[in-house]
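Report on the following structure.
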Amino acid sequence: MNEYNFLANVTIGQHLPTGSALHRLDPRAKLLAFTLLVGVVSFTPTFSGNVVLLVVIAGLFAAARISFVYALRGLRPLLPWIAAFGVFQLLFTSGGGFIGATDCRPLSDWWIIGITTCSVKLVLVSTLRFFALYLLVGLLTFTTTTTELSHGAERLLSPLARFGVPAHELALVLTIALRFVPTLAQETERLVKAQVSRGADFGAGSRWRFVQRTRQMLPLLVPLFLNSLRRAEVLTQAMEARCYGGGQGRTHLIEVESTFWDYVALLGTALLCLLMLTTDFASLDSWLAHPTL
């Protein structure tokens, strides 16, 4: 049954209190820095630029005293889907819109399938970008508790309350969503093990038999959906029993305060993002493709 231990591979949503400097930062600063880094990852279309970003993220994990290998373990169940997406992108995308690769050379051309050097680079960039975004989300949850994320998100959104934006409710939704990621993984694991004990076959023996696994897991969606609704109903009843009425007129037991190092971290993140967006990584990609030129 260890093969179906889904909870062991779910890293997002878990908090690892290592006592590092990143853990002690204001959650508002971490959320703003996270938003900046997600933006720069999304707008960095070059291969070398995304490699540099992954190196930076690995450095952040070292600063947080969290194993980078442990963070990558959460990607194991997703590898077949990433590979399938990469194959489709390679076969059916020419890569002509790939920035930093204007000299696209055809590698294979058959019917509607056309593989070029640009499409290969596009697959590599998309894979690196997905890894970077996944690791950033993991780093945020590793270094910040769900309570801190809720308080930080509520404080950041509170200026928008005058325009009718429900800051408290949005922060609560964020907290509940992160909190229920491991819970849903545990529930899925329980359902799969119950079906396997009754003779169901979920493609055991090979992680890459994702087509068979997907087909076999479709019947699990109904009980998983019903159990999720049942948990949501229990949570709603518990909140009503405690007279929860939204953020209107609520006070806060915990008050977040920014320090000098929070501003330093934000300034450093902003300078890094500016440097990444202004550096000509396209020329470096061209040199890597043609090192003799």
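The way I read the labels, and the way they are meant: chains A, B, ... in the order of the structure tokens, residue 1 as the first residue of every chain, and ligand 1 as the first ligand shown, with later ones counted on from there.
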
Do a neighbour search on Asp26 of chain A at 9 Å with only C-alpha atoms, toss out local chain neighbours closer than 5 positions, and write the hits as a PyMOL selection string. chain A and resi 31+148+152+256-259+262

Kindly save the residues from that selection, with N, CA and C atoms included, as a PDB file, in the first residue's frame.
ATOM      1  N   LEU A  31       4.133  37.471   1.225  1.00  0.00           N
ATOM      2  CA  LEU A  31       3.120  37.421   0.171  1.00  0.00           C
ATOM      3  C   LEU A  31       3.458  38.383  -0.972  1.00  0.00           C
ATOM      4  N   GLU A 148      -0.904  32.667   9.680  1.00  0.00           N
ATOM      5  CA  GLU A 148      -0.135  33.839   9.252  1.00  0.00           C
ATOM      6  C   GLU A 148      -0.514  34.260   7.843  1.00  0.00           C
ATOM      7  N   GLY A 152      -1.930  37.859   6.940  1.00  0.00           N
ATOM      8  CA  GLY A 152      -1.211  38.666   5.968  1.00  0.00           C
ATOM      9  C   GLY A 152      -2.069  39.036   4.777  1.00  0.00           C
ATOM     10  N   VAL A 256       0.117  41.810  13.114  1.00  0.00           N
ATOM     11  CA  VAL A 256       1.388  41.660  12.400  1.00  0.00           C
ATOM     12  C   VAL A 256       2.078  43.014  12.316  1.00  0.00           C
ATOM     13  N   GLU A 257       3.394  43.002  12.487  1.00  0.00           N
ATOM     14  CA  GLU A 257       4.183  44.221  12.437  1.00  0.00           C
ATOM     15  C   GLU A 257       5.399  43.999  11.550  1.00  0.00           C
ATOM     16  N   SER A 258       5.707  44.996  10.727  1.00  0.00           N
ATOM     17  CA  SER A 258       6.852  44.922   9.831  1.00  0.00           C
ATOM     18  C   SER A 258       8.105  45.420  10.541  1.00  0.00           C
ATOM     19  N   THR A 259       9.228  44.818  10.206  1.00  0.00           N
ATOM     20  CA  THR A 259      10.514  45.217  10.765  1.00  0.00           C
ATOM     21  C   THR A 259      11.427  45.692   9.638  1.00  0.00           C
ATOM     22  N   ASP A 262      12.074  43.084   6.958  1.00  0.00           N
ATOM     23  CA  ASP A 262      10.980  42.866   6.009  1.00  0.00           C
ATOM     24  C   ASP A 262      11.119  43.798   4.807  1.00  0.00           C
TER      25      ASP A 262
END

For this session: Using DSSP on the backbone coordinates, identify the residues of segment 6-191 of chain A assigned to alpha helix (DSSP H); present them as a ChimeraX atom specification.
Result: /A:27-42,47-63,68-73,79-92,117-143,146-157,167-191

Using only C-alpha atoms, which protein or nucleic acid residues come within 12 Å of segment 230-245 of chain A? Drop anything in the same chain fewer than 3 positions from it, and give the result as a PyMOL selection string.
chain A and resi 168-169+172-173+176-177+180+183-184+187+223-227+248-250

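If only C-alpha atoms are the atoms counted, then among A:Ala167, A:Ala282, A:Val222, A:Ala63 the closest residue to Phe47 of chain A is A:Ala282.
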
query = Which residue out of A:Gly74, A:Gly268, A:Pro80, A:Gly39 has the minimum interatomic distance to Leu135 of chain A when only C-alpha atoms are used?
reply =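 Once distances to Leu135 of chain A are computed over only C-alpha atoms, the minimum belongs to A:Gly74.
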
Counting only C-alpha atoms, which residues of segment 72-96 of chain A sit at most 12 Å from some atom of segment 137-141 of chain A, and what is each one's closest atom pair with its distance in Å to one decimal, listed by chain and rising residue number, as a Markdown table?
| residue | atom | partner | partner_atom | distance |
| --- | --- | --- | --- | --- |
| A:Leu72 | CA | A:Gly138 | CA | 9.4 |
| A:Arg73 | CA | A:Gly138 | CA | 11.0 |
| A:Gly74 | CA | A:Gly138 | CA | 9.0 |
| A:Leu75 | CA | A:Gly138 | CA | 10.7 |

Pick out each residue of segment 111-199 of chain A that DSSP on the backbone tags as strand (DSSP E); I need them as a list in words. Ile113, Gly114, Ile115 and Thr116 of chain A

May I have the selected residues written with C-alpha atoms, as a tab-separated table (two decimals), in the first residue's frame?
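Generated output (again34.tsv):
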chain	number	residue	atom	x	y	z
A	113	ILE	CA	3.36	17.38	-36.49
A	114	GLY	CA	6.21	19.81	-36.78
A	115	ILE	CA	9.15	19.78	-34.40
A	116	THR	CA	11.56	22.69	-34.44

Hey, what's within 8 Å of His151 of chain A if we count only C-alpha atoms and toss same-chain stuff fewer than 4 positions away? As JSON, numbers by chain, please? {"A": [27, 147, 155, 171, 256]}

Correct to one decimal, the distance atom CA of His23 of chain A-atom CA of Ser42 of chain A is 24.9 Å

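When only C-alpha atoms are used to measure the gap to Val52 of chain A, the shortest distance among A:Leu277, A:Ala270, A:Ala194, A:Leu221 belongs to A:Leu277.
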